[in-house]
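Participant: Here it is, the structure, as structure tokens.
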Amino acid sequence: MDTKIGAVDACKPASNDVGCLPSNGVSTVHPCIPLNSPESTLGRHLARRLVQVGVSDVFSVPGDFNLTLLDHLIAEPGLNLIGCCNELNAGYAADGYARSRGVGACVVTFTVGGLSVLNAIAGAYSENLPVICIVGGPNSNDYGTNRILHHTIGLPDFSQELRCFQTVTCFQAVINNLDDAHELIDTAISTALKESKPVYISISCNLPAIPHPTFSREPIPFSLSPRVSNQLGLEAAVEAAAEFLNKAVKPVMVGGPKLRAAKACESFVKLADASGYALAVMPSAKGLVPEQHPHFIGTYWGAVSTAFCAEIVESADAYLFAGPIFNDYSSVGYSLLLKKEKAIIVQPDRVVIANGPAFGCVLMKDFLSELAKKLKRNTTAYENYHRIYVPEGHPLKCEPKEALRVNVLFQHIQKMLSADTAVIAETGDSWFNCQKLKLPDGCGYEFQMQYGSIGWSVGATLGYAQAVPVKRVIACIGDGSFQVYIFRHTLLLGIRNY
Ligand SMILES: Cc1ncc(C[n+]2csc(CCOP(=O)(O)OP(=O)(O)O)c2C)c(N)n1
């Protein structure tokens, strides 16, 4: 019998398909079928769907298992394929892209690519970013055959990559059958958008070009049913919160990093406008709360807050935190002087009032908007801040021939900032230096405070800049973190030259 095992090249000239079986194989659909109906294919469907949800750039690294898929993505006029030198960079670029566009995508190859992009996907999970991670997977005919594939650790087990992604994505679609491919792709994409988390889509390498009736027409435009609050829960939560806050003498409000995933930045500002409350931001939410707001009192970060901010927040008799994450960093080693009985904690779909009631199925943006209508105006906390605030001294000027100091450098960076710029701050000293920048209205600000993976910012800068070409992106990166990128970059260039 002429069965070739792992015949990667067997049908390459005809179809570009990887690892496809010779004609005597067990396949029910011949993987090398001519592409006679390019419109009705899985590859085309995925390409159209990406465009429909707002992805116009896909970050990718080619490999044996995704070549046919990439051909279909390239063929889509609305998609721009950006080749990256390494999967980790592609994942970071998709992360940066999602921060600006609301969704990002990357395409890598089976296991060698998948395990390489995994760290970036974990980072996107920690930052609540919908990144669609697409992996070219094993030939559908190889499932269940006990074959060993290249680019794996050499065991006849195709689930290793999937198992790794299960812990860092909110949905996994393994597409090795055309019958349910349409449904799985749509479910994966909508879950990413609904949950604001990354998803994993593995597509068998032999399937993207095969016509199938489920793709026989232009996809119905993508639509997501909006999430809605439980109306009774919303009313009860607003009533309880208004009662709690209206009897406070000097209430404040503090924005947290989940404001973005909850799509509640605007309603948070509206609440500040209506209530007159002093407005602070957690360090991890820098860029999500307007620092030029008339009631802005700075960054609340416990003992390392900006001047006079902690005094006002911690002495308030009521504080509303919208979307906080209290981890070891943002809580300065769990040393915040906050009391649960004084706090209203608003999460993307839940409100907890002091030690008392919790209200589920209440969306943050609905809650903040409704609460704005019920609060008595109270500017006491802001007035107290204004009374004690002493403007910061200006950093010393640089003497002629003096070595450049970081504070002088950042004085220059500060002057470059406007609504037409965005700052990307890498983990390390850049985090702390960039925290001190005063962001003008409309100036973007991105960093990875929860995951803190060095090297993230270079890829993320590529993705962010690609998503908003009109903005000038200023990336602040320590040399150590930059070397992580350089190493990944030059290593590959070296191999290419060789
Ligand atoms: C992937 C990863 N590995 C290790 C670390 C731990 N770490 C945090 S900062 C840092 C050094 C960064 O050096 P540099 O970029 O020069 O930062 P700076 O000196 O500006 O703080 C390391 C290794 C990390 N955050 N992420």
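Chain lettering (A, B, ...) mirrors the order of the structure tokens, residue numbering begins at 1 for each chain separately, and ligand numbering begins at 1 in order of display.
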Determine, counting only C-alpha atoms, which protein, DNA and RNA residues have an atom within 7 Å of an atom of stretch 178-186 of chain A; residues of the same chain fewer than 3 positions away are not included. Present the result as a list in words.

Facilitator: Ala173, Ile175, Ile189, Ser190, His212 and Thr214 of chain A

Participant: Give me the residues within 7 Å of stretch 435-444 of chain A as a VMD selection string, counting only C-alpha atoms and dropping any in the same chain fewer than 4 places off.

Facilitator: chain A and resid 287 290 to 292 414 417 to 423 431

Participant: Check stretch 80-253 of chain A with DSSP on the backbone and list each residue it calls strand (DSSP E or B), as JSON, numbers by chain.

Facilitator: {"A": [80, 81, 82, 83, 104, 105, 106, 107, 108, 109, 131, 132, 133, 134, 135, 136, 137, 171, 172, 173, 174, 175, 199, 200, 201, 202, 203, 204, 211, 252, 253]}

Participant: Excluding stretch 57-67 of chain A and residues on its chain fewer than 5 positions from it, collect all residues at most 8 Å away from it, counting only C-alpha atoms, and give them as a PyMOL selection string.

Facilitator: chain A and resi 16-18+79-87+90-91+93-94+104-110+113+135-138+204-205+466-467

Participant: Collect all residues with atoms no farther than 7 Å from ligand 1, counting only C-alpha atoms and all ligand atoms, and output them as number ranges by chain.

Facilitator: A: 427-430, 452-455, 477-482

Participant: Quick check for you: according to DSSP on this backbone, which residues of stretch 351-439 of chain A are classed as helix (DSSP H, G or I)? Reply as a ChimeraX atom specification.

Facilitator: /A:364-372,380-388,406-416,429-435

Participant: Suppose we keep N, CA and C atoms; can you now write the selection as an mmCIF file, in the first residue's frame?

Facilitator:
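part-v4.cif was written with the following content:
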```cif
data_model
loop_
_atom_site.group_PDB
_atom_site.id
_atom_site.type_symbol
_atom_site.label_atom_id
_atom_site.label_comp_id
_atom_site.auth_asym_id
_atom_site.auth_seq_id
_atom_site.Cartn_x
_atom_site.Cartn_y
_atom_site.Cartn_z
ATOM 1 N N MET A 364 -22.444 48.008 34.042
ATOM 2 C CA MET A 364 -21.824 49.196 34.614
ATOM 3 C C MET A 364 -22.284 50.469 33.923
ATOM 4 N N LYS A 365 -22.323 50.421 32.589
ATOM 5 C CA LYS A 365 -22.637 51.682 31.910
ATOM 6 C C LYS A 365 -24.093 52.107 32.157
ATOM 7 N N ASP A 366 -24.994 51.157 32.263
ATOM 8 C CA ASP A 366 -26.393 51.486 32.592
ATOM 9 C C ASP A 366 -26.479 52.035 34.013
ATOM 10 N N PHE A 367 -25.763 51.378 34.909
ATOM 11 C CA PHE A 367 -25.814 51.766 36.318
ATOM 12 C C PHE A 367 -25.304 53.200 36.499
ATOM 13 N N LEU A 368 -24.150 53.503 35.890
ATOM 14 C CA LEU A 368 -23.574 54.837 36.070
ATOM 15 C C LEU A 368 -24.479 55.902 35.445
ATOM 16 N N SER A 369 -25.044 55.601 34.276
ATOM 17 C CA SER A 369 -25.916 56.580 33.615
ATOM 18 C C SER A 369 -27.157 56.863 34.457
ATOM 19 N N GLU A 370 -27.759 55.807 34.994
ATOM 20 C CA GLU A 370 -28.983 55.994 35.794
ATOM 21 C C GLU A 370 -28.663 56.677 37.124
ATOM 22 N N LEU A 371 -27.519 56.314 37.690
ATOM 23 C CA LEU A 371 -27.148 56.906 38.979
ATOM 24 C C LEU A 371 -26.927 58.417 38.827
ATOM 25 N N ALA A 372 -26.397 58.820 37.671
ATOM 26 C CA ALA A 372 -26.142 60.253 37.422
ATOM 27 C C ALA A 372 -27.420 61.070 37.571
ATOM 28 N N THR A 380 -17.833 68.794 47.776
ATOM 29 C CA THR A 380 -17.018 68.995 48.986
ATOM 30 C C THR A 380 -15.626 68.382 48.867
ATOM 31 N N ALA A 381 -15.542 67.145 48.390
ATOM 32 C CA ALA A 381 -14.224 66.475 48.330
ATOM 33 C C ALA A 381 -13.300 67.230 47.382
ATOM 34 N N TYR A 382 -13.847 67.679 46.261
ATOM 35 C CA TYR A 382 -12.983 68.405 45.326
ATOM 36 C C TYR A 382 -12.528 69.730 45.940
ATOM 37 N N GLU A 383 -13.445 70.405 46.626
ATOM 38 C CA GLU A 383 -13.061 71.683 47.267
ATOM 39 C C GLU A 383 -11.974 71.455 48.319
ATOM 40 N N ASN A 384 -12.095 70.374 49.067
ATOM 41 C CA ASN A 384 -11.060 70.051 50.070
ATOM 42 C C ASN A 384 -9.709 69.831 49.396
ATOM 43 N N TYR A 385 -9.743 69.126 48.276
ATOM 44 C CA TYR A 385 -8.496 68.871 47.528
ATOM 45 C C TYR A 385 -7.894 70.199 47.072
ATOM 46 N N HIS A 386 -8.734 71.014 46.515
ATOM 47 C CA HIS A 386 -8.291 72.304 45.974
ATOM 48 C C HIS A 386 -7.649 73.145 47.084
ATOM 49 N N ARG A 387 -8.211 73.024 48.287
ATOM 50 C CA ARG A 387 -7.727 73.837 49.421
ATOM 51 C C ARG A 387 -6.325 73.383 49.849
ATOM 52 N N ILE A 388 -6.076 72.062 49.816
ATOM 53 C CA ILE A 388 -4.781 71.589 50.340
ATOM 54 C C ILE A 388 -3.713 71.460 49.251
ATOM 55 N N VAL A 406 16.500 61.583 33.399
ATOM 56 C CA VAL A 406 15.183 61.045 33.048
ATOM 57 C C VAL A 406 14.095 62.099 33.243
ATOM 58 N N ASN A 407 14.205 62.888 34.334
ATOM 59 C CA ASN A 407 13.119 63.860 34.557
ATOM 60 C C ASN A 407 13.117 64.949 33.485
ATOM 61 N N VAL A 408 14.305 65.266 32.963
ATOM 62 C CA VAL A 408 14.368 66.268 31.888
ATOM 63 C C VAL A 408 13.807 65.663 30.591
ATOM 64 N N LEU A 409 14.183 64.402 30.337
ATOM 65 C CA LEU A 409 13.662 63.713 29.143
ATOM 66 C C LEU A 409 12.133 63.712 29.162
ATOM 67 N N PHE A 410 11.581 63.361 30.329
ATOM 68 C CA PHE A 410 10.116 63.270 30.402
ATOM 69 C C PHE A 410 9.439 64.634 30.348
ATOM 70 N N GLN A 411 10.186 65.679 30.722
ATOM 71 C CA GLN A 411 9.665 67.037 30.543
ATOM 72 C C GLN A 411 9.465 67.299 29.037
ATOM 73 N N HIS A 412 10.422 66.820 28.235
ATOM 74 C CA HIS A 412 10.304 67.000 26.785
ATOM 75 C C HIS A 412 9.157 66.151 26.234
ATOM 76 N N ILE A 413 9.071 64.912 26.728
ATOM 77 C CA ILE A 413 7.983 64.043 26.247
ATOM 78 C C ILE A 413 6.637 64.666 26.590
ATOM 79 N N GLN A 414 6.553 65.223 27.802
ATOM 80 C CA GLN A 414 5.302 65.876 28.218
ATOM 81 C C GLN A 414 4.878 66.935 27.203
ATOM 82 N N LYS A 415 5.856 67.688 26.727
ATOM 83 C CA LYS A 415 5.531 68.783 25.793
ATOM 84 C C LYS A 415 5.070 68.255 24.433
ATOM 85 N N MET A 416 5.424 67.003 24.124
ATOM 86 C CA MET A 416 5.025 66.449 22.817
ATOM 87 C C MET A 416 3.568 65.974 22.823
ATOM 88 N N ASP A 429 10.839 50.745 34.595
ATOM 89 C CA ASP A 429 10.878 52.154 34.984
ATOM 90 C C ASP A 429 9.904 52.997 34.159
ATOM 91 N N SER A 430 9.700 52.594 32.893
ATOM 92 C CA SER A 430 8.816 53.386 32.020
ATOM 93 C C SER A 430 7.408 53.490 32.612
ATOM 94 N N TRP A 431 6.944 52.409 33.236
ATOM 95 C CA TRP A 431 5.638 52.446 33.921
ATOM 96 C C TRP A 431 5.556 53.661 34.824
ATOM 97 N N PHE A 432 6.587 53.766 35.685
ATOM 98 C CA PHE A 432 6.532 54.777 36.749
ATOM 99 C C PHE A 432 6.758 56.169 36.175
ATOM 100 N N ASN A 433 7.674 56.293 35.213
ATOM 101 C CA ASN A 433 7.917 57.602 34.602
ATOM 102 C C ASN A 433 6.693 58.078 33.829
ATOM 103 N N CYS A 434 6.084 57.169 33.106
ATOM 104 C CA CYS A 434 4.928 57.560 32.290
ATOM 105 C C CYS A 434 3.709 57.863 33.162
ATOM 106 N N GLN A 435 3.621 57.204 34.323
ATOM 107 C CA GLN A 435 2.503 57.503 35.234
ATOM 108 C C GLN A 435 2.449 58.988 35.552
#
```

Participant: So how many Å separate atom CA of A:Val473 and atom CA of A:Tyr445, to one decimal?

Facilitator: 9.5 Å

Participant: Near A:Arg377, counting only C-alpha atoms, which residues have an atom at most 8 Å away, once you skip same-chain residues fewer than 6 positions from it, shown as number ranges by chain?

Facilitator: A: 274-277

Participant: Store the residues of this selection in a file with N, CA and C atoms, as a short mmCIF file (atom, residue, chain, number, x, y, z; two decimals), in the first residue's frame.

Facilitator:
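Below you can see part_17.cif, which holds the result:
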```cif
data_model
loop_
_atom_site.label_atom_id
_atom_site.label_comp_id
_atom_site.auth_asym_id
_atom_site.auth_seq_id
_atom_site.Cartn_x
_atom_site.Cartn_y
_atom_site.Cartn_z
N ALA A 274 -22.24 65.22 36.53
CA ALA A 274 -23.53 65.46 37.19
C ALA A 274 -23.38 65.57 38.70
N SER A 275 -22.50 64.78 39.30
CA SER A 275 -22.44 64.70 40.76
C SER A 275 -21.53 65.76 41.37
N GLY A 276 -20.54 66.21 40.59
CA GLY A 276 -19.56 67.16 41.14
C GLY A 276 -18.53 66.48 42.05
N TYR A 277 -18.58 65.15 42.14
CA TYR A 277 -17.65 64.42 43.02
C TYR A 277 -16.21 64.60 42.53
#
```

Participant: If we count only C-alpha atoms, what is near A:Arg217 at a cut-off of 10 Å, once residues fewer than 3 positions away on the same chain are taken out, given as a PyMOL selection string?

Facilitator: chain A and resi 39-41+45+213-214+220

Participant: Fewer than 3 positions away in the same chain doesn't count, so skip those; otherwise give me all residues within 8 Å of stretch 116-125 of chain A, counting only C-alpha atoms, as a list in words.

Facilitator: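 Here the qualifying residues turn out to be Asn86, Glu87, Leu88, Asn89, Ala90, Gly91, Tyr92, Asp95, Val108, Thr111, Val112, Gly113, Asn128, Leu129, Pro130, Val131, Cys133, Cys164, Phe165, Val168, Thr169, Lys197, Pro198, Gln448, Tyr451, Gly452, Ser453 and Trp456 of chain A.
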
Participant: Could you take the residues named above and write them with C-alpha atoms, as a PDB file, in the first residue's frame?

Facilitator:
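The result, written out as part27.pdb:
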```
ATOM      1  CA  ASN A  86       7.846  36.078  15.468  1.00  0.00           C
ATOM      2  CA  GLU A  87       4.489  34.914  16.808  1.00  0.00           C
ATOM      3  CA  LEU A  88       4.916  36.640  20.155  1.00  0.00           C
ATOM      4  CA  ASN A  89       5.287  39.940  18.319  1.00  0.00           C
ATOM      5  CA  ALA A  90       2.234  39.127  16.185  1.00  0.00           C
ATOM      6  CA  GLY A  91       0.214  38.502  19.358  1.00  0.00           C
ATOM      7  CA  TYR A  92       1.426  41.704  20.987  1.00  0.00           C
ATOM      8  CA  ASP A  95      -3.170  43.254  21.506  1.00  0.00           C
ATOM      9  CA  VAL A 108       0.051  31.545  13.421  1.00  0.00           C
ATOM     10  CA  THR A 111       2.065  24.339  18.040  1.00  0.00           C
ATOM     11  CA  VAL A 112       5.442  25.957  17.260  1.00  0.00           C
ATOM     12  CA  GLY A 113       3.532  29.128  16.458  1.00  0.00           C
ATOM     13  CA  ASN A 128      -9.700  42.113  28.767  1.00  0.00           C
ATOM     14  CA  LEU A 129      -8.910  42.484  25.082  1.00  0.00           C
ATOM     15  CA  PRO A 130     -10.832  40.614  22.375  1.00  0.00           C
ATOM     16  CA  VAL A 131      -7.985  39.143  20.350  1.00  0.00           C
ATOM     17  CA  CYS A 133      -6.033  34.038  17.713  1.00  0.00           C
ATOM     18  CA  CYS A 164      -2.642  25.439  26.642  1.00  0.00           C
ATOM     19  CA  PHE A 165      -5.093  27.895  25.098  1.00  0.00           C
ATOM     20  CA  VAL A 168      -5.987  31.891  28.435  1.00  0.00           C
ATOM     21  CA  THR A 169      -8.975  32.225  26.095  1.00  0.00           C
ATOM     22  CA  LYS A 197     -11.429  38.300  26.016  1.00  0.00           C
ATOM     23  CA  PRO A 198      -9.260  36.428  23.503  1.00  0.00           C
ATOM     24  CA  GLN A 448       0.072  46.221  30.624  1.00  0.00           C
ATOM     25  CA  TYR A 451       0.423  41.029  33.195  1.00  0.00           C
ATOM     26  CA  GLY A 452       3.567  43.172  32.908  1.00  0.00           C
ATOM     27  CA  SER A 453       5.443  41.167  30.274  1.00  0.00           C
ATOM     28  CA  TRP A 456       5.075  43.688  25.007  1.00  0.00           C
TER      29      TRP A 456
END
```

Participant: Can you tell me, as a VMD selection string, what residues are no more than 12 Å from A:Ala264 when counting only C-alpha atoms, ignoring any on the same chain fewer than 2 positions away?

Facilitator: chain A and resid 255 to 262 266 to 271 288 to 289 322 to 323 346 to 349 363 to 369

Participant: For a test of reading the model, state the distance in Å between atom CA of A:Asn355 and atom CA of A:Lys339, rounded to one decimal.

Facilitator: 9.7 Å

Participant: Can I get the residues of stretch 167-242 of chain A within 9 Å of stretch 156-162 of chain A, each with the closest pair of atoms and their distance in Å to one decimal, using only C-alpha atoms, sorted chain first then ascending number, as a Markdown table?

Facilitator:
```
| residue | atom | partner | partner_atom | distance |
| --- | --- | --- | --- | --- |
| A:Gln172 | CA | A:Leu162 | CA | 7.5 |
| A:Val174 | CA | A:Leu162 | CA | 8.2 |
| A:Tyr200 | CA | A:Leu162 | CA | 8.1 |
| A:Ser202 | CA | A:Leu162 | CA | 8.3 |
```
